[in-house]
Amino acid sequence: MLREMAVAAISTSQLTKDYGAGRGLFDLGLHVSQQEVFGYLGPNGSGKTTTIRLLMGMIRPTNGSAHVFGLDCVRDAVEVKRKVGYLPGDIPQFGSLRGDEVVAYLGGMRGGVDRRHVRAIAERFDLDLNRRFREYSSGNKQKLGILLAFMHRPELLILDEPTSGLDPLNQQEFYELLRETRDGGATIFLSSHVLSEVEHVCDRVGILRAGRLVKVAELGELTRIRVHHVEVEFAPGEEVPTERLRLADGVEDLTVEGQRLRCTVHGNFEALLQAISGSRVIDLVSTEPSLEEFFLSFFGEPKPKALPS
Amino acid sequence: MIGVVFGLRLGRWGIVGFSLAALLLVFAQTAGFYQVAGTTPGARAAFGSAMATLAAQLVALFPPPLRPDTVGGYVEFRGFHPLAVLFAVWALVSATGFARGDEERGVVEAALATGTSRIALIASRAVGFALAVTVASAAAAAGFLIGVASGHETVAAQGVIQESVLLAAVGLACYALSLLVAQLAGPRLATAAAGALLLALFLDNSLSRAMSSLTAWRWLSPFRYYDLSQPLPPGGYFDSRAFLVLIGISVIATAAAAAAFTRRDLGASLIRLPSIPHRPSYDVTAAPWWGVAVVRGLYERRLGLLAWTAGMAVMALSFVALTRTIVQVLLSIPSLLPYLSIFVHQQLYPAVLGYTWFNVAQLMFAAFAITYVARWSAEDSDGRLEIFLSQPLSRAGIVLERMAVLAAGAVLIAAVSGAVLFYASHQQGIDLNAQRLTAASLMLVPFALVFAGAGSLLAAWNPRAAVGLLGAFAFASYLDTELGTIYKLPVWLLDLSAFKLFGTPLLNGVNGRNLALMLLLALAGIGSSILAIQRRDVGA
């Protein structure tokens with residue numbers, strides 16, 4: 001038991017998939033512990049999907065190795081998949097099969113699924129399984145993909161951009177499902193290109209850039225390095241507390257136009273909120289920068305050349 | 001203009017493949033004529049007589065040739081008539097691929113979002129196909145001219161041009177009719193409905209040559225208007241009114257398809273059946289077959305499998321019904337009478353039935369295998385293979401399950417069509433040897449597996465090119481038997497052709513060596529495809 005607990009859910013060593021011309025994934029060394037929620041963050045084409053396909057044994061590494069619960073992802077691919085629930089980045093086309101038939105089909109390949117668990121997830125996302133796949137909206141196709149990944153209560157979930165296509169309510173439901181699954185003992189590895197998404201649910205985050213892992217950060221560290229663009233509109237006649245804001249910790253790039261103030265906030269919002277407390281604010285909008293802007297701010301370099309995902 | 005270019009770009013491999021196939025088929029038949037027809041007038045006349053006998057047996061498929069003792073008459077019969085069928089299949093695939101396949105992939109939606117009108121979109125694709133089929137027809141004409149040049153002869157250019165435009169016109173008419181049906185039928189049924197219509201129109205015309213009851217209806221078929229001209233042989237004729245009817249069918253059907261397209265929703269059919277009340281459910285189906293390997297694959301393909309089974313059964317019935325007519329035609333040839341009278345009421349009927357039915361059945365089983373390979377390729381490109389492989393199944397297991405599903409489907413079709421052939425022929429007073437018929441019908445299963453094995457290897461190696469390459473392989477296999485003896489190809493090369501290995505099991509029984517070779521070829525294909533898929537990146 002102790003030995004099993006010590007085995008990493010995911011470990012890779014010098015994992016490389018070289019597509020040539022500098023494209024691919026290079027020298028990835030990753031360690032994801034059991035019962036951890038690990039966010040895998042990177043812009044489009046940074047190598048997230050390549051990593052996931054290597055872990056799933058869909059593609060063969062050019063160099064290095066990947067292990068899931070100590071099992072080699074190429075040699076022991078079948079055993080690995082017994083333990084894994086997988087959500088691909090693009091949900092495949094199942095044409096005229098009904099949702100319940102798709103679940104039964106893939107469940108049959110797996111050797112059976114917990115029907116009550118399937119029902120619970122379908123109800124939770126209000127996913128009608130009596131509809132044909134081609135009748136599903138893109139959001140419902142994504143829900144079906146989530147159901148297929150979770151249906152057999154896997155020990156490890158590998159999810160490629162799981163919330164794409166989901167509306168905000170279903171995104172929240174999904175985050176809740178992730179927490180419950182983690183609390184139930186599962187490990188979760190999810191990729192995303194949205195910083196705030198991984199902040200919601202992840203214990204640690206790996207940041208990938210141009211095929212290389214550039215940072216593995218704890219959630220607290222991520223919070224410290226994050227950046228937001230903030231726009232505050234003060235009530236007519238209200239004095240804008242410019243001086244207090246200039247002195248506020250983490251507030252930069254301050255500009256004021258009439259009653260409208262724009263700034264960049266590094267880390268948390270505490271200092272900003274203190275600075276504007278007592279003033280009548282009629283609107284406050286915080287925008288998360290794109291990953292490219294984040295990289296520019298964090299690494300001080302322009303975004304890398306885009307790679308195919 | 002951009003729409004036409006885009007349509008040509010999407011269909012470029014079809015254009016290249018069918019043009020190449022047309023060129024090679026016609027060239028091989030033309031050059032082959034000079035190998036077998038002899039050089040003296042007497043030898044040519046004897047050859048023409050033999051061809052007339054062969055043509056009489058195939059009267060239910062192709063019209064009798066005019067002057068088969070000449071290169072024009074021979075190639076018209078052996079090259080251009082089969083090409084018309086091939087181009088009809090191409091038209092079907094292209095039209096339904098545009099009307100439904102592109103629509104499902106979002107290509108149509110993207111094109112309409114650019115401001116292109118629906119009528120312009122349909123027109124651009126129809127024009128694109130017209131250009132494509134013209135190129136392929138020109139390639140066929142080029143194959144004929146090169147072949148004739150190789151025989152140091154000359155032919156009238158006018159006949160070649162007329163044959164070429166006629167071929168393009170029948171292809172275009174089939175495209176327009178398929179396009180129209182695809183607008184009327186739902187996405188799931190479009191290809192099947194259009195295919196059924198074209199098959200019905202083809203049979204309406206071809207069977208009318210043997211069944212007088214159908215002659216009143218053959219005016220409906222575009223193939224009838226193709227048959228009305230035979231411009232290649234000396235003394236040939238070109239019916240310009242029939243040609244104009246083909247163009248008229250193309251224009252009217254395309255216009256009707258455009259009108260239907262403007263009146264329907266994307267993803268829906270023009271004719272919508274009333275929907276049954278929907279009851280939402282959150283439960284997974286309790287049907288047991290999804291948990292059983294092979295059975296789930298058969299269940300998933302049940303509609304297609306039923307259509308194949310029913311279609312082959314109907315074809316078996318038709319061939320039995322035609323056998324007596326064909327034999328009567330043969331018996332009416334005075335020069336054959338002494339020879340045939342020895343066999344009448346003994347081996348002649350089974351011989352004719354065996355020859356015609358199993359020749360067509362081989363082609364149909366090759367097509368059956370190709371449809372499965374097309375599906376495997378689609379599973380690879382649309383992500384289904386990736387999600388199958390995310391289940392605890394080995395890649396070898398997936399290949400073997402695919403082959404087992406195909407084999408089980410082939411057994412079903414072979415068994416049902418064989419049983420129908422047996423009972424229908426018995427009703428007609430033609431007694432077939434039950435044991436040999438069973439063996440011959442079951443021989444179609446390893447026959448299909450040879451193509452499936454090759455297709456599996458191609459799908460594992462390069463899924464995007466698999467169908468085209470397998471089609472070329474099937475075509476080359478067919479030519480191997482057709483032309484192998486003419487060109488005196490080595491035995492080992494002939495043995496690579498499943499068509500040759502199939503032999504004549506209804507007449508002569510199953511050849512154990514050939515059966516073993518077929519199984520060996522199938523196993524080689526399966527084994528190598530397992531090795532290939534193990535090494536290939538999926539989804540990348």
# chains A, B, ... in the order shown; residues from 1 in each chain; ligands from 1
call {"tool": "select_by_dssp", "arguments": {"residues": "region 62-168 of chain A", "states": "alpha helix (DSSP H)", "output": "ChimeraX atom specification"}}
result
/A:77-83,99-110,115-124,138-150,168
call {"tool": "residues_around", "arguments": {"residues": "Arg119 (chain A)", "least_positions_apart": "3", "cutoff": "9 Å", "atoms": "only C-alpha atoms", "output": "JSON, numbers by chain"}}
result
{"A": [114, 115, 116, 122, 123, 124], "B": [281, 282, 283, 284]}
call {"tool": "residues_around", "arguments": {"residues": "Asn170 (chain A)", "least_positions_apart": "2", "cutoff": "12 Å", "atoms": "only C-alpha atoms", "output": "ChimeraX atom specification"}}
result
/A:121-127,139-140,142-143,146,162-168,172-177
call {"tool": "interface_residues", "arguments": {"of": "chain B", "to": "chain A", "cutoff": "9 Å", "atoms": "only C-alpha atoms", "output": "JSON, numbers by chain"}}
result
{"B": [104, 188, 278, 279, 280, 281, 282, 283, 284, 285, 286, 287, 288, 289, 290, 291, 292, 293, 296, 300, 379, 382, 383, 384, 385, 386, 387, 388, 389, 390, 391, 392, 393, 394, 535, 536, 537, 538, 539, 540]}
call {"tool": "write_last_selection", "arguments": {"atoms": "N, CA and C atoms", "output": "short mmCIF file (atom, residue, chain, number, x, y, z; two decimals), in the first residue's frame"}}
result
data_model
loop_
_atom_site.label_atom_id
_atom_site.label_comp_id
_atom_site.auth_asym_id
_atom_site.auth_seq_id
_atom_site.Cartn_x
_atom_site.Cartn_y
_atom_site.Cartn_z
N GLU B 104 -22.13 18.23 -43.25
CA GLU B 104 -21.90 17.73 -41.89
C GLU B 104 -20.57 18.24 -41.34
N ARG B 188 -28.77 10.83 -43.27
CA ARG B 188 -28.40 9.42 -43.11
C ARG B 188 -28.73 8.62 -44.36
N HIS B 278 -40.65 13.08 -28.34
CA HIS B 278 -39.35 12.75 -27.74
C HIS B 278 -39.47 12.63 -26.22
N ARG B 279 -38.86 11.59 -25.70
CA ARG B 279 -38.86 11.38 -24.24
C ARG B 279 -37.41 11.44 -23.77
N PRO B 280 -37.05 12.50 -23.02
CA PRO B 280 -35.66 12.60 -22.56
C PRO B 280 -35.30 11.43 -21.64
N SER B 281 -34.04 11.08 -21.67
CA SER B 281 -33.59 9.99 -20.80
C SER B 281 -32.16 10.27 -20.36
N TYR B 282 -31.86 9.88 -19.13
CA TYR B 282 -30.50 10.02 -18.62
C TYR B 282 -29.84 8.66 -18.44
N ASP B 283 -30.54 7.62 -18.89
CA ASP B 283 -30.04 6.26 -18.66
C ASP B 283 -29.28 5.75 -19.86
N VAL B 284 -28.29 4.90 -19.58
CA VAL B 284 -27.57 4.23 -20.66
C VAL B 284 -28.39 3.02 -21.09
N THR B 285 -28.37 2.74 -22.38
CA THR B 285 -29.19 1.64 -22.89
C THR B 285 -28.78 0.31 -22.26
N ALA B 286 -29.79 -0.52 -22.03
CA ALA B 286 -29.52 -1.82 -21.40
C ALA B 286 -29.31 -2.92 -22.44
N ALA B 287 -29.34 -2.54 -23.72
CA ALA B 287 -29.20 -3.57 -24.78
C ALA B 287 -27.89 -4.33 -24.59
N PRO B 288 -27.95 -5.67 -24.58
CA PRO B 288 -26.75 -6.46 -24.23
C PRO B 288 -25.68 -6.48 -25.32
N TRP B 289 -26.08 -6.22 -26.58
CA TRP B 289 -25.10 -6.41 -27.66
C TRP B 289 -23.94 -5.44 -27.64
N TRP B 290 -24.13 -4.29 -26.99
CA TRP B 290 -23.02 -3.33 -26.96
C TRP B 290 -21.83 -3.86 -26.18
N GLY B 291 -22.07 -4.84 -25.31
CA GLY B 291 -20.97 -5.37 -24.51
C GLY B 291 -20.24 -6.52 -25.18
N VAL B 292 -20.72 -6.97 -26.33
CA VAL B 292 -20.11 -8.14 -26.98
C VAL B 292 -19.34 -7.70 -28.21
N ALA B 293 -18.03 -7.99 -28.19
CA ALA B 293 -17.19 -7.63 -29.33
C ALA B 293 -17.77 -8.25 -30.60
N ARG B 296 -21.44 -5.85 -31.38
CA ARG B 296 -21.72 -4.40 -31.32
C ARG B 296 -21.42 -3.73 -32.65
N GLU B 300 -24.15 -1.85 -34.91
CA GLU B 300 -23.98 -0.45 -35.31
C GLU B 300 -24.16 -0.29 -36.82
N GLU B 379 -13.02 6.72 -39.26
CA GLU B 379 -12.86 6.61 -37.79
C GLU B 379 -11.52 7.20 -37.37
N ASP B 382 -11.81 11.25 -37.98
CA ASP B 382 -12.76 12.04 -37.18
C ASP B 382 -12.60 11.81 -35.67
N GLY B 383 -11.60 11.05 -35.27
CA GLY B 383 -11.30 10.93 -33.85
C GLY B 383 -11.91 9.73 -33.16
N ARG B 384 -12.74 8.95 -33.87
CA ARG B 384 -13.34 7.78 -33.20
C ARG B 384 -12.27 6.75 -32.84
N LEU B 385 -11.27 6.58 -33.71
CA LEU B 385 -10.22 5.60 -33.39
C LEU B 385 -9.50 6.01 -32.11
N GLU B 386 -9.26 7.31 -31.97
CA GLU B 386 -8.57 7.80 -30.78
C GLU B 386 -9.36 7.47 -29.52
N ILE B 387 -10.68 7.65 -29.60
CA ILE B 387 -11.47 7.38 -28.40
C ILE B 387 -11.64 5.87 -28.18
N PHE B 388 -11.64 5.09 -29.26
CA PHE B 388 -11.65 3.63 -29.07
C PHE B 388 -10.36 3.19 -28.38
N LEU B 389 -9.25 3.80 -28.81
CA LEU B 389 -7.96 3.42 -28.23
C LEU B 389 -7.78 3.95 -26.82
N SER B 390 -8.64 4.87 -26.40
CA SER B 390 -8.54 5.33 -25.02
C SER B 390 -9.23 4.34 -24.08
N GLN B 391 -9.89 3.34 -24.65
CA GLN B 391 -10.44 2.24 -23.85
C GLN B 391 -9.35 1.17 -23.74
N PRO B 392 -9.47 0.28 -22.75
CA PRO B 392 -8.40 -0.72 -22.59
C PRO B 392 -8.45 -1.81 -23.66
N LEU B 393 -8.23 -1.41 -24.89
CA LEU B 393 -8.19 -2.36 -26.01
C LEU B 393 -6.86 -2.17 -26.73
N SER B 394 -6.28 -3.28 -27.16
CA SER B 394 -5.02 -3.14 -27.90
C SER B 394 -5.32 -2.75 -29.34
N ARG B 535 2.85 0.99 -34.95
CA ARG B 535 3.93 1.95 -35.05
C ARG B 535 3.46 3.35 -35.41
N ARG B 536 2.17 3.46 -35.75
CA ARG B 536 1.71 4.74 -36.27
C ARG B 536 1.16 5.65 -35.17
N ASP B 537 1.39 6.93 -35.31
CA ASP B 537 0.80 7.90 -34.40
C ASP B 537 -0.66 8.08 -34.76
N VAL B 538 -1.52 8.01 -33.76
CA VAL B 538 -2.97 8.18 -34.00
C VAL B 538 -3.38 9.57 -33.53
N GLY B 539 -4.11 10.24 -34.38
CA GLY B 539 -4.64 11.56 -34.00
C GLY B 539 -3.66 12.69 -34.21
N ALA B 540 -2.45 12.37 -34.67
CA ALA B 540 -1.46 13.43 -34.83
C ALA B 540 -1.51 13.98 -36.24
#
call {"tool": "residues_around", "arguments": {"residues": "Thr114 (chain B)", "least_positions_apart": "6", "cutoff": "12 Å", "atoms": "only C-alpha atoms", "output": "list in words"}}
result
Ile2, Gly3, Val107, Val108, Ala120 and Leu121 of chain B
call {"tool": "closest_residue", "arguments": {"among": "B:Ser377, B:Leu246, B:Ala110, B:Phe475", "to": "Pro82 (chain B)", "atoms": "only C-alpha atoms"}}
result
B:Phe475
call {"tool": "atom_distance", "arguments": {"atom1": "CA of Met151 (chain A)", "atom2": "CA of His31 (chain A)"}}
result
25.6 Å
